[in-house]
Amino acid sequence: MGSDRDDGVSRRKVLECMTWAGTGVLWTISGGVPHSLGIMGEAQAQEAKSLTFLQLSDSHVGFDKPANPNALGTLEEAIVKVNALPQRPAFAIHTGDISHLSTAQQFDDADRIISQSRLDVHYVPGEHDFLDPDQTFYKDRYGRGTKGAGWYSFDASGVHFIGLVNVVNLKAGGLGDLGADQLEWLEDDVKHLSASTPVVVFAHIPLWTIYPDWGWGTDDAAQALAYLKRFGSVTVLNGHIHQVMQKVEGNVTFHTARSTAFPQPAPGQGPSPGPMKVPDEQLRTMLGIANVTFKQNDQRLAIIDTPLKV
Amino acid sequence: MAISNTVRSALIAAALGAATATALAAVVIPTSAQNAAPAGGVSIDNFTFTPASLTVKAGTTVTWTNRDDIPHGIASSDNAFKKSKALDTDDNYSFTFTTPGTYQYFCYIHPHMVGTIVVEAATGSSATQ
């Protein structure tokens with residue numbers, strides 16, 4: 001660990017990050033493990049070899065109900081915050097529900113706003129992105145070169161990123177689903193990696209069971225995680241539940257990001273997992289983004305969840 | 001089998017039963033509901049099908065109406081009937097069940113939501129509604 005005066009992000013800058021109000025999660029990966037910069041004890045000066053990326057989630061462009069009559073507007077506010085970040089992310093991931101109803105107009109609007117970040121964005125779909133009758137819009141727009149319904153992997157700064165799809169071919173009475181084909185691909189995809197490779201998995205529906213009564217889990221996630229067991233650093237980033245939640249289990253850190261569109265109740269704390277209407281002045285405190293920073297030789301990625309408004 | 005998107009029955013409102021007063025306040029009861037003989041309605045409220053099990057006579061057109069601020073979709077659990085498009089708020093979907101049997105269905109967007117339509121022979125004597 002270097003001192004606060006190292007070339008990377010200084011403690012002061014990290015503090016600036018933390019006061020930034022936006023809609024996403026800022027992730028830092030350093031030395032193998034992503035962690036939330038929200039944990040100040042670990043948000044120490046970063047070495048030169050680090051990677052920071054942004055997580056956007058659940059934009060629901062087109063949503064206009066009382067819980068937020070202007071979801072496109074709050075997405076735009078989020079992107080303004082992204083552009084004001086003291087440390088520019090290397091790229092972004094979007095963990096699904098880009099649109100509310102999968103119309104061409106909604107995807108166009110989302111692209112128009114998100115592209116103002118001038119970041120490369122790696123998408124995975126949410127269930128709201130496959131509602132067009134032929135289920136082709138998502139794959140045509142975001143899934144070029146991906147497998148199946150849109151899964152893929154890529155490498156950045158020594159970190160292996162895996163985007164998974166758990167929102168298609170859902171079974172009656174079930175939860176999110178990865179399916180045999182995708183699991184087989186995943187097993188093969190990570191086979192060649194050394195166990196010291198930091199792995200970041202991102203998908204829309206949580207890959208840990210948060211609240212099955214509301215469908216907040218993925219039926220065959222355990223199989224996927226079994227393939228990742230041997231890795232020293234695994235970070236699982238999800239959306240879908242429109243609130244921040246985190247769990248650490250062994251070498252695996254699970255984290256969900258806020259939505260940029262509308263909040264949902266805490267598990268079981270409302271009549272349904274649907275949009276939660278809060279007083280207008282509270283809305284932006286419940287929307288947000290995340291930044292993730294990876295630092296060499298660190299066990300966990302640093303994640304900063306930042307609301308649109310503090 | 002025929003599909004009608006136009007049939008809306010006042011039974012939809014009845015099906016809401018003891019749902020919350022606020023939900024009821026939002027219910028629109030069409031004044032020109034068609035006289036398409038025996039009809040059935042399933043309301044989707046708070047990610048729940050109400051009633052969870054609906055029993056109708058063969059030939060009945062069942063209409064699902066989405067009262068949530070989130071889209072839902074109707075699909076047969078074993079492809080026994082045609083699935084709906086995604087239903088936005090207040091959209092509905094109708095299907096006419098002509099063959100007696102028990103039809104399990106679910107929301108293909110939120111699959112933990114499940115329901116059942118029981119279709120009885122039209123000539124049966126048991127009153128079900």
# chains A, B, ... in the order shown; residues from 1 in each chain; ligands from 1

call {"tool": "select_by_dssp", "arguments": {"residues": "range 46-295 of chain A", "states": "alpha helix (DSSP H)", "output": "ChimeraX atom specification"}}
result
/A:71-83,104-114,137-142,180-191,221-227,280-283

call {"tool": "write_last_selection", "arguments": {"atoms": "N, CA and C atoms", "output": "compact mmCIF listing (two decimals), in the first residue's frame"}}
result
# COMPACT_ATOMS: atom_id res chain seq x y z
N ALA A 71 -38.30 8.83 -15.76
CA ALA A 71 -37.13 7.97 -15.58
C ALA A 71 -36.00 8.33 -16.53
N LEU A 72 -36.36 8.88 -17.68
CA LEU A 72 -35.30 9.31 -18.60
C LEU A 72 -34.53 10.49 -18.01
N GLY A 73 -35.28 11.36 -17.34
CA GLY A 73 -34.65 12.53 -16.72
C GLY A 73 -33.66 12.15 -15.62
N THR A 74 -34.03 11.18 -14.80
CA THR A 74 -33.10 10.80 -13.73
C THR A 74 -31.90 10.03 -14.29
N LEU A 75 -32.11 9.33 -15.40
CA LEU A 75 -30.94 8.70 -16.05
C LEU A 75 -29.98 9.79 -16.52
N GLU A 76 -30.55 10.83 -17.07
CA GLU A 76 -29.71 11.93 -17.56
C GLU A 76 -28.96 12.58 -16.39
N GLU A 77 -29.64 12.74 -15.26
CA GLU A 77 -28.96 13.28 -14.08
C GLU A 77 -27.80 12.39 -13.67
N ALA A 78 -28.02 11.10 -13.77
CA ALA A 78 -26.96 10.15 -13.41
C ALA A 78 -25.74 10.32 -14.32
N ILE A 79 -26.01 10.48 -15.60
CA ILE A 79 -24.89 10.59 -16.53
C ILE A 79 -24.14 11.91 -16.31
N VAL A 80 -24.86 12.95 -15.95
CA VAL A 80 -24.19 14.21 -15.60
C VAL A 80 -23.23 13.99 -14.43
N LYS A 81 -23.70 13.20 -13.45
CA LYS A 81 -22.83 12.90 -12.30
C LYS A 81 -21.62 12.08 -12.73
N VAL A 82 -21.85 11.14 -13.61
CA VAL A 82 -20.74 10.32 -14.10
C VAL A 82 -19.68 11.20 -14.74
N ASN A 83 -20.13 12.14 -15.53
CA ASN A 83 -19.19 13.00 -16.24
C ASN A 83 -18.46 13.95 -15.31
N ALA A 104 -38.42 0.35 -29.48
CA ALA A 104 -37.27 0.93 -30.16
C ALA A 104 -37.00 2.35 -29.63
N GLN A 105 -38.09 3.07 -29.39
CA GLN A 105 -37.94 4.44 -28.90
C GLN A 105 -37.24 4.47 -27.54
N GLN A 106 -37.62 3.55 -26.67
CA GLN A 106 -37.02 3.53 -25.33
C GLN A 106 -35.53 3.19 -25.41
N PHE A 107 -35.19 2.22 -26.24
CA PHE A 107 -33.77 1.89 -26.40
C PHE A 107 -33.01 3.07 -27.02
N ASP A 108 -33.65 3.72 -27.99
CA ASP A 108 -33.00 4.88 -28.61
C ASP A 108 -32.75 5.97 -27.59
N ASP A 109 -33.76 6.24 -26.78
CA ASP A 109 -33.63 7.29 -25.76
C ASP A 109 -32.52 6.93 -24.76
N ALA A 110 -32.50 5.69 -24.34
CA ALA A 110 -31.46 5.26 -23.39
C ALA A 110 -30.09 5.45 -24.00
N ASP A 111 -29.94 5.04 -25.24
CA ASP A 111 -28.63 5.16 -25.89
C ASP A 111 -28.21 6.62 -26.02
N ARG A 112 -29.18 7.46 -26.35
CA ARG A 112 -28.87 8.87 -26.54
C ARG A 112 -28.32 9.47 -25.25
N ILE A 113 -28.91 9.10 -24.13
CA ILE A 113 -28.46 9.66 -22.85
C ILE A 113 -27.17 9.00 -22.38
N ILE A 114 -27.13 7.68 -22.39
CA ILE A 114 -25.96 6.97 -21.85
C ILE A 114 -24.71 7.28 -22.67
N PHE A 137 -34.72 -6.99 -30.31
CA PHE A 137 -34.11 -5.66 -30.19
C PHE A 137 -32.85 -5.69 -29.34
N TYR A 138 -32.92 -6.37 -28.19
CA TYR A 138 -31.75 -6.34 -27.30
C TYR A 138 -30.52 -6.91 -27.98
N LYS A 139 -30.68 -8.10 -28.54
CA LYS A 139 -29.53 -8.78 -29.15
C LYS A 139 -29.00 -7.96 -30.33
N ASP A 140 -29.90 -7.39 -31.12
CA ASP A 140 -29.45 -6.62 -32.27
C ASP A 140 -28.66 -5.38 -31.85
N ARG A 141 -29.09 -4.78 -30.74
CA ARG A 141 -28.48 -3.51 -30.36
C ARG A 141 -27.27 -3.70 -29.46
N TYR A 142 -27.35 -4.64 -28.53
CA TYR A 142 -26.32 -4.73 -27.49
C TYR A 142 -25.56 -6.06 -27.51
N ALA A 180 -28.70 -24.54 -18.99
CA ALA A 180 -27.59 -25.48 -19.16
C ALA A 180 -26.55 -24.97 -20.17
N ASP A 181 -27.01 -24.38 -21.26
CA ASP A 181 -26.06 -23.95 -22.30
C ASP A 181 -25.11 -22.89 -21.77
N GLN A 182 -25.67 -21.95 -21.03
CA GLN A 182 -24.84 -20.86 -20.52
C GLN A 182 -23.87 -21.36 -19.44
N LEU A 183 -24.36 -22.27 -18.61
CA LEU A 183 -23.50 -22.84 -17.56
C LEU A 183 -22.33 -23.59 -18.17
N GLU A 184 -22.64 -24.32 -19.22
CA GLU A 184 -21.58 -25.07 -19.91
C GLU A 184 -20.54 -24.10 -20.49
N TRP A 185 -21.04 -23.03 -21.08
CA TRP A 185 -20.14 -22.03 -21.64
C TRP A 185 -19.28 -21.42 -20.53
N LEU A 186 -19.90 -21.14 -19.40
CA LEU A 186 -19.18 -20.52 -18.29
C LEU A 186 -18.05 -21.42 -17.79
N GLU A 187 -18.38 -22.68 -17.63
CA GLU A 187 -17.37 -23.63 -17.15
C GLU A 187 -16.15 -23.60 -18.08
N ASP A 188 -16.44 -23.58 -19.36
CA ASP A 188 -15.37 -23.58 -20.35
C ASP A 188 -14.62 -22.25 -20.36
N ASP A 189 -15.37 -21.18 -20.17
CA ASP A 189 -14.78 -19.83 -20.26
C ASP A 189 -13.74 -19.58 -19.18
N VAL A 190 -13.94 -20.15 -18.00
CA VAL A 190 -13.02 -19.86 -16.89
C VAL A 190 -11.95 -20.95 -16.71
N LYS A 191 -12.09 -22.00 -17.47
CA LYS A 191 -11.21 -23.16 -17.31
C LYS A 191 -9.73 -22.78 -17.46
N ALA A 221 -27.92 -20.50 -9.88
CA ALA A 221 -26.72 -19.71 -9.61
C ALA A 221 -25.65 -20.53 -8.90
N ALA A 222 -26.06 -21.47 -8.07
CA ALA A 222 -25.07 -22.25 -7.30
C ALA A 222 -24.12 -22.98 -8.24
N GLN A 223 -24.65 -23.46 -9.34
CA GLN A 223 -23.79 -24.16 -10.30
C GLN A 223 -22.76 -23.21 -10.90
N ALA A 224 -23.20 -22.01 -11.23
CA ALA A 224 -22.27 -21.02 -11.77
C ALA A 224 -21.18 -20.70 -10.76
N LEU A 225 -21.58 -20.52 -9.52
CA LEU A 225 -20.61 -20.16 -8.48
C LEU A 225 -19.65 -21.31 -8.21
N ALA A 226 -20.12 -22.53 -8.41
CA ALA A 226 -19.24 -23.69 -8.22
C ALA A 226 -18.06 -23.62 -9.18
N TYR A 227 -18.32 -23.15 -10.39
CA TYR A 227 -17.23 -23.04 -11.38
C TYR A 227 -16.23 -21.95 -10.99
N ASP A 280 -41.38 13.19 -3.02
CA ASP A 280 -40.54 13.68 -4.12
C ASP A 280 -39.12 13.99 -3.67
N GLU A 281 -39.00 14.60 -2.48
CA GLU A 281 -37.67 15.03 -2.06
C GLU A 281 -36.78 13.84 -1.69
N GLN A 282 -37.40 12.67 -1.52
CA GLN A 282 -36.61 11.48 -1.17
C GLN A 282 -36.16 10.69 -2.38
N LEU A 283 -36.85 10.88 -3.49
CA LEU A 283 -36.64 9.98 -4.64
C LEU A 283 -35.17 9.86 -5.02

call {"tool": "interface_residues", "arguments": {"of": "chain A", "to": "chain B", "cutoff": "12 Å", "atoms": "only C-alpha atoms", "output": "ChimeraX atom specification"}}
result
/A:60,62-69,97,99-103,126-135,166-177,205,211-219,240,262,264,270-277

call {"tool": "select_by_dssp", "arguments": {"residues": "range 112-264 of chain A", "states": "strand (DSSP E or B)", "output": "VMD selection string"}}
result
chain A and resid 121 to 123 147 151 to 156 159 to 163 167 176 to 177 199 to 202 211 216 218 234 to 238 245 to 249 252 to 256

call {"tool": "write_last_selection", "arguments": {"atoms": "N, CA and C atoms", "output": "compact mmCIF listing (two decimals), in the first residue's frame"}}
result
# COMPACT_ATOMS: atom_id res chain seq x y z
N VAL A 121 -19.81 0.85 -22.89
CA VAL A 121 -20.74 0.25 -21.94
C VAL A 121 -20.94 -1.23 -22.31
N HIS A 122 -20.72 -2.09 -21.33
CA HIS A 122 -20.93 -3.52 -21.50
C HIS A 122 -22.26 -3.88 -20.85
N TYR A 123 -23.20 -4.32 -21.66
CA TYR A 123 -24.56 -4.54 -21.17
C TYR A 123 -24.85 -6.02 -20.89
N LYS A 147 -22.89 -14.77 -27.02
CA LYS A 147 -23.44 -16.12 -27.16
C LYS A 147 -24.89 -16.13 -26.66
N TRP A 151 -24.72 -13.62 -23.55
CA TRP A 151 -23.66 -13.73 -22.55
C TRP A 151 -22.29 -13.68 -23.22
N TYR A 152 -21.28 -13.27 -22.47
CA TYR A 152 -19.94 -13.04 -23.04
C TYR A 152 -18.97 -12.79 -21.90
N SER A 153 -17.69 -12.71 -22.25
CA SER A 153 -16.68 -12.33 -21.27
C SER A 153 -15.65 -11.45 -21.94
N PHE A 154 -14.93 -10.71 -21.15
CA PHE A 154 -13.83 -9.90 -21.68
C PHE A 154 -12.83 -9.66 -20.56
N ASP A 155 -11.65 -9.20 -20.93
CA ASP A 155 -10.61 -8.95 -19.94
C ASP A 155 -10.23 -7.48 -19.96
N ALA A 156 -9.99 -6.94 -18.77
CA ALA A 156 -9.55 -5.54 -18.66
C ALA A 156 -8.62 -5.42 -17.46
N VAL A 159 -8.29 -8.25 -15.12
CA VAL A 159 -9.51 -8.74 -14.49
C VAL A 159 -10.37 -9.41 -15.57
N HIS A 160 -10.93 -10.56 -15.23
CA HIS A 160 -11.80 -11.26 -16.17
C HIS A 160 -13.27 -10.92 -15.85
N PHE A 161 -13.93 -10.30 -16.81
CA PHE A 161 -15.33 -9.90 -16.65
C PHE A 161 -16.23 -10.88 -17.39
N ILE A 162 -17.32 -11.28 -16.73
CA ILE A 162 -18.26 -12.22 -17.33
C ILE A 162 -19.67 -11.63 -17.23
N GLY A 163 -20.29 -11.40 -18.37
CA GLY A 163 -21.67 -10.90 -18.40
C GLY A 163 -22.62 -12.06 -18.64
N VAL A 167 -32.48 -13.89 -17.49
CA VAL A 167 -33.85 -13.36 -17.61
C VAL A 167 -34.63 -13.95 -18.78
N GLY A 176 -34.85 -16.40 -11.44
CA GLY A 176 -33.97 -16.18 -12.59
C GLY A 176 -33.34 -17.50 -13.01
N ASP A 177 -32.90 -17.56 -14.26
CA ASP A 177 -32.42 -18.83 -14.78
C ASP A 177 -31.27 -18.60 -15.76
N VAL A 199 -12.04 -12.16 -10.82
CA VAL A 199 -13.20 -12.39 -11.69
C VAL A 199 -14.34 -11.48 -11.25
N VAL A 200 -14.94 -10.80 -12.21
CA VAL A 200 -16.14 -10.01 -11.95
C VAL A 200 -17.27 -10.59 -12.80
N VAL A 201 -18.33 -11.02 -12.15
CA VAL A 201 -19.50 -11.55 -12.84
C VAL A 201 -20.61 -10.53 -12.72
N PHE A 202 -21.27 -10.21 -13.83
CA PHE A 202 -22.40 -9.30 -13.71
C PHE A 202 -23.59 -9.86 -14.48
N TYR A 211 -34.67 -12.91 -1.81
CA TYR A 211 -36.05 -13.02 -1.35
C TYR A 211 -36.86 -13.75 -2.43
N TRP A 216 -36.42 -12.77 -6.19
CA TRP A 216 -35.10 -12.16 -6.11
C TRP A 216 -34.03 -13.21 -5.87
N THR A 218 -31.68 -16.54 -8.36
CA THR A 218 -31.48 -17.26 -9.62
C THR A 218 -31.38 -18.74 -9.31
N VAL A 234 -13.72 -13.16 -6.38
CA VAL A 234 -14.89 -13.15 -7.26
C VAL A 234 -15.85 -12.06 -6.78
N THR A 235 -16.24 -11.20 -7.69
CA THR A 235 -17.20 -10.16 -7.36
C THR A 235 -18.41 -10.30 -8.26
N VAL A 236 -19.58 -10.36 -7.66
CA VAL A 236 -20.82 -10.56 -8.41
C VAL A 236 -21.65 -9.28 -8.31
N LEU A 237 -21.89 -8.67 -9.45
CA LEU A 237 -22.60 -7.39 -9.48
C LEU A 237 -23.96 -7.58 -10.16
N ASN A 238 -25.01 -7.19 -9.47
CA ASN A 238 -26.36 -7.36 -10.00
C ASN A 238 -27.18 -6.08 -9.85
N MET A 245 -27.47 -3.78 -1.78
CA MET A 245 -27.40 -4.88 -0.83
C MET A 245 -26.08 -5.58 -1.07
N GLN A 246 -25.43 -6.02 0.01
CA GLN A 246 -24.13 -6.67 -0.17
C GLN A 246 -23.99 -7.85 0.77
N LYS A 247 -23.29 -8.85 0.28
CA LYS A 247 -23.01 -10.02 1.10
C LYS A 247 -21.64 -10.55 0.71
N VAL A 248 -20.87 -10.96 1.69
CA VAL A 248 -19.57 -11.57 1.40
C VAL A 248 -19.62 -13.02 1.87
N GLU A 249 -19.25 -13.92 0.98
CA GLU A 249 -19.26 -15.33 1.33
C GLU A 249 -17.96 -15.93 0.83
N VAL A 252 -16.16 -14.62 -2.33
CA VAL A 252 -17.14 -14.03 -3.23
C VAL A 252 -17.85 -12.85 -2.55
N THR A 253 -17.82 -11.72 -3.24
CA THR A 253 -18.57 -10.56 -2.78
C THR A 253 -19.76 -10.36 -3.71
N PHE A 254 -20.95 -10.31 -3.14
CA PHE A 254 -22.16 -10.05 -3.91
C PHE A 254 -22.61 -8.62 -3.63
N HIS A 255 -23.01 -7.93 -4.68
CA HIS A 255 -23.43 -6.54 -4.49
C HIS A 255 -24.52 -6.20 -5.50
N THR A 256 -25.55 -5.51 -5.05
CA THR A 256 -26.55 -5.01 -5.98
C THR A 256 -26.52 -3.49 -6.00

call {"tool": "closest_residue", "arguments": {"among": "B:Ala58, B:Ile44, B:Thr63, B:Phe49", "to": "Gly101 in chain B", "atoms": "only C-alpha atoms"}}
result
B:Ala58
